[in-house]
Structures are given as C-alpha cells and as structure tokens.
>>> print(open('data-v9.tsv').read())   # TSV, C-alpha atoms
chain	number	residue	atom	x	y	z
A	1	MET	CA	3.64	-13.13	17.61
A	2	LYS	CA	5.52	-13.07	14.35
A	3	SER	CA	8.07	-10.39	13.61
A	4	PHE	CA	7.00	-7.35	11.63
A	5	GLU	CA	10.46	-6.88	10.12
A	6	PRO	CA	10.03	-9.20	7.09
A	7	ILE	CA	6.61	-7.65	6.42
A	8	TYR	CA	8.10	-4.16	6.61
A	9	LYS	CA	10.94	-5.05	4.26
A	10	GLU	CA	8.54	-6.59	1.75
A	11	LEU	CA	6.19	-3.60	1.90
A	12	GLU	CA	9.11	-1.25	1.38
A	13	TYR	CA	10.28	-3.29	-1.61
A	14	LEU	CA	6.78	-3.40	-3.12
A	15	LEU	CA	5.86	0.25	-2.52
A	16	ILE	CA	9.22	1.82	-3.36
A	17	GLN	CA	10.70	-0.43	-6.04
A	18	LYS	CA	7.83	-2.40	-7.64
A	19	LEU	CA	4.98	0.12	-7.47
A	20	PRO	CA	6.33	2.30	-10.33
A	21	GLU	CA	5.90	-0.70	-12.66
A	22	TYR	CA	2.26	-1.07	-11.61
A	23	ILE	CA	1.68	2.66	-12.02
A	24	GLU	CA	3.06	2.42	-15.56
A	25	LYS	CA	0.72	-0.53	-16.29
A	26	ILE	CA	-2.26	1.52	-15.06
A	27	ASN	CA	-1.21	4.42	-17.34
A	28	LYS	CA	-1.01	2.08	-20.34
A	29	GLU	CA	-4.31	0.31	-19.55
A	30	HIS	CA	-6.35	3.52	-19.29
A	31	ASN	CA	-4.45	5.58	-21.91
A	32	ASP	CA	-6.86	8.52	-21.58
A	33	GLY	CA	-4.53	11.46	-20.96
A	34	ILE	CA	-4.40	11.09	-17.17
A	35	ILE	CA	-0.81	10.21	-16.37
A	36	LEU	CA	0.08	8.96	-12.90
A	37	ARG	CA	3.58	9.87	-11.77
A	38	PRO	CA	5.59	7.56	-9.49
A	39	PHE	CA	5.58	8.43	-5.79
A	40	GLN	CA	8.49	10.61	-4.65
A	41	ASN	CA	9.16	8.53	-1.51
A	42	THR	CA	12.50	6.73	-1.28
A	43	THR	CA	11.69	4.83	1.98
A	44	LEU	CA	8.52	3.93	3.87
A	45	GLU	CA	9.32	6.21	6.78
A	46	GLU	CA	10.37	9.24	4.78
A	47	ASN	CA	8.35	12.38	5.40
A	48	CYS	CA	8.28	13.39	1.76
A	49	ILE	CA	6.95	16.87	1.02
A	50	LYS	CA	6.82	16.47	-2.76
A	51	THR	CA	3.72	15.19	-4.52
A	52	PRO	CA	2.69	12.58	-5.26
A	53	SER	CA	3.87	10.81	-2.13
A	54	PHE	CA	2.47	8.73	0.69
A	55	ILE	CA	2.62	8.43	4.45
A	56	PHE	CA	3.03	4.90	5.79
A	57	ASP	CA	1.81	4.05	9.29
A	58	ILE	CA	1.22	0.96	11.42
A	59	GLU	CA	-2.33	1.21	12.71
A	60	GLU	CA	-2.72	-1.99	14.73
A	61	THR	CA	-1.24	-5.39	15.48
A	62	GLU	CA	-3.42	-8.30	16.56
A	63	TYR	CA	-2.34	-11.75	17.60
A	64	SER	CA	-4.85	-14.58	17.36
A	65	GLU	CA	-4.50	-18.16	18.45
A	66	LYS	CA	-6.98	-20.56	16.87
A	67	ASP	CA	-7.32	-24.13	18.10
A	68	ARG	CA	-3.85	-23.81	19.67
A	69	ILE	CA	-2.34	-24.88	16.36
A	70	VAL	CA	-2.69	-21.98	13.97
A	71	GLU	CA	-1.15	-18.79	15.23
A	72	ASN	CA	-1.79	-15.71	13.13
A	73	THR	CA	-0.52	-12.20	13.51
A	74	ILE	CA	-2.61	-9.57	11.80
A	75	TYR	CA	-1.02	-6.23	10.99
A	76	THR	CA	-3.11	-3.27	9.94
A	77	VAL	CA	-1.16	-0.60	8.12
A	78	SER	CA	-2.22	2.57	6.36
A	79	ILE	CA	-0.97	4.30	3.25
A	80	GLU	CA	-2.12	7.89	3.08
A	81	LEU	CA	-1.79	9.38	-0.38
A	82	LYS	CA	-0.62	12.97	-0.74
A	83	LEU	CA	-1.64	14.18	-4.19
A	84	HIS	CA	-1.37	17.61	-5.76
A	85	PRO	CA	-4.38	19.52	-4.37
A	86	ASN	CA	-5.22	21.54	-7.48
A	87	THR	CA	-5.55	18.67	-9.90
A	88	GLU	CA	-8.69	17.93	-11.86
A	89	LYS	CA	-10.13	14.44	-11.47
A	90	ASN	CA	-8.54	13.82	-8.05
A	91	VAL	CA	-10.99	10.99	-7.35
A	92	ILE	CA	-10.03	9.16	-10.55
A	93	ILE	CA	-6.34	9.71	-9.86
A	94	PHE	CA	-6.71	8.47	-6.27
A	95	TYR	CA	-8.46	5.28	-7.37
A	96	ARG	CA	-5.88	4.59	-10.07
A	97	TYR	CA	-3.14	4.83	-7.44
A	98	PHE	CA	-5.32	2.62	-5.24
A	99	GLU	CA	-5.51	0.04	-8.04
A	100	ALA	CA	-1.73	0.10	-8.53
A	101	ILE	CA	-1.12	-0.31	-4.77
A	102	GLU	CA	-3.67	-3.11	-4.52
A	103	ASN	CA	-2.05	-4.99	-7.41
A	104	SER	CA	1.45	-4.56	-6.02
A	105	ILE	CA	0.67	-5.82	-2.50
A	106	LYS	CA	-1.06	-8.89	-3.90
A	107	ASP	CA	2.08	-9.76	-5.86
A	108	THR	CA	3.98	-11.55	-3.09
A	109	ASP	CA	3.95	-14.76	-1.11
A	110	VAL	CA	5.43	-13.34	2.12
A	111	TRP	CA	2.05	-13.20	3.85
A	112	LEU	CA	-0.86	-15.60	4.05
A	113	ASN	CA	-3.48	-13.01	3.20
A	114	CYS	CA	-3.37	-9.35	2.36
A	115	ARG	CA	-6.34	-7.21	1.49
A	116	ILE	CA	-7.38	-3.63	1.50
A	117	ASN	CA	-9.76	-3.39	4.38
A	118	ASN	CA	-11.02	0.16	4.18
A	119	ILE	CA	-10.53	3.61	2.71
A	120	LYS	CA	-10.84	6.71	4.91
A	121	GLY	CA	-10.37	9.93	3.00
A	122	ASN	CA	-7.00	9.59	1.28
A	123	LYS	CA	-5.95	6.77	3.60
A	124	ILE	CA	-5.87	3.16	2.36
A	125	ILE	CA	-6.12	0.65	5.21
A	126	VAL	CA	-4.41	-2.70	4.51
A	127	ARG	CA	-4.83	-5.83	6.62
A	128	ILE	CA	-1.96	-8.33	6.43
A	129	THR	CA	-2.15	-11.82	7.97
A	130	VAL	CA	1.04	-13.78	8.60
>>> encode(input="data-v9.tsv", output="structure tokens")
Amino acid sequence: MKSFEPIYKELEYLLIQKLPEYIEKINKEHNDGIILRPFQNTTLEENCIKTPSFIFDIEETEYSEKDRIVENTIYTVSIELKLHPNTEKNVIIFYRYFEAIENSIKDTDVWLNCRINNIKGNKIIVRITV
C-alpha cells in the first residue's frame, strides 16, 4: 500500500493554496453577480466555523493488486462544503464551488487518476488512485 502522506500534502496544497485561483476563474467566467468567496480554511484538518469553509475526511482506503504487477491504492476522501445557510441560489453556489474543486484536483500529476465519484448532500466524494 502506498503512503497517503504525499496525497494529503498535495490535496492540502491544491485546496488551500491553489483553489482560490480557480474560484476567481469561476467568478470571471460566469460574471453574473454571484461572487464566490475563498474558503476560510487554512489547513485540511481545521475545524473552521466561518463560512464558506469545508470539512475534509478520509472515507476509505482500498488496496488492489492486479496481475501481481500493478499495485494500486485507492483513497476515497470527502469534502463537505459549509456555505452560508441564508443565501439565495445555494444550489448554483454549491455547484460553482464543485466546479472549482474539480478543476483544481485535476491539475496535478501526483496521482494516476482522480475523479469525483459522488455527491451526497453538501459532501463531494473524491476517488484518488495512486
């Protein structure tokens, strides 16, 4: 099984440092008066009470051995978005943040494959293969 540490460090870099750039791109692309603010988190494990913020969690780790040559470790992580509850157009805002997160996690070569696997409520489920 491959170590989660490099994956964690890359996710922290992408979600804390690079994501604000993607949020700004989304704001410029849509330019319709809905302005996404950067997340208030300063680390992945921070329990941030300000909004917007997110809760990061490791959901599952799976090790697969195929043909005894290719060994893959699959990590499933979740990013639960905490948005201001009394905001109009919460669905649009959620999916714009979703788009920014999706674009940011695809912008790396640390993992073999990374894709958003599911959405449950305000929780984005990401599957990472290394």
>>> closest_residue(input="data-v9.tsv", among="A:Ser104, A:Asn122, A:Asn113, A:Thr87", to="Ile35 (chain A)", atoms="all atoms listed in the file")
A:Thr87
>>> atom_distance(input="data-v9.tsv", atom1="CA of Asn90 (chain A)", atom2="CA of Asn47 (chain A)")
21.6 Å
>>> closest_residue(input="data-v9.tsv", among="A:Ile7, A:Cys114, A:Leu36, A:Ile101", to="Thr51 (chain A)", atoms="all atoms listed in the file")
A:Leu36
>>> closest_residue(input="data-v9.tsv", among="A:Asn103, A:Thr108, A:Thr129, A:Thr73", to="Glu21 (chain A)", atoms="all atoms listed in the file")
A:Asn103
>>> atom_distance(input="data-v9.tsv", atom1="CA of Gly33 (chain A)", atom2="CA of Glu99 (chain A)")
17.3 Å
>>> closest_residue(input="data-v9.tsv", among="A:Thr76, A:Leu11, A:Pro38, A:Pro85", to="Ile58 (chain A)", atoms="all atoms listed in the file")
A:Thr76
>>> residues_around(input="data-v9.tsv", residues="Lys120 (chain A)", least_positions_apart="2", cutoff="12 Å", atoms="all atoms listed in the file", output="JSON, numbers by chain")
{"A": [78, 79, 80, 81, 116, 117, 118, 122, 123, 124, 125, 126]}
>>> closest_residue(input="data-v9.tsv", among="A:Leu83, A:Ile93, A:Val77, A:Val110", to="Tyr13 (chain A)", atoms="all atoms listed in the file")
A:Val110
>>> closest_residue(input="data-v9.tsv", among="A:Ala100, A:Ile119, A:Ile74, A:Ile23", to="Glu60 (chain A)", atoms="only C-alpha atoms")
A:Ile74
>>> atom_distance(input="data-v9.tsv", atom1="CA of Ile128 (chain A)", atom2="CA of Tyr75 (chain A)")
5.1 Å
>>> residues_around(input="data-v9.tsv", residues="Gln40 (chain A)", least_positions_apart="2", cutoff="8 Å", atoms="all atoms listed in the file", output="list in words")
Pro38, Thr42, Cys48, Lys50, Thr51, Pro52 and Ser53 of chain A
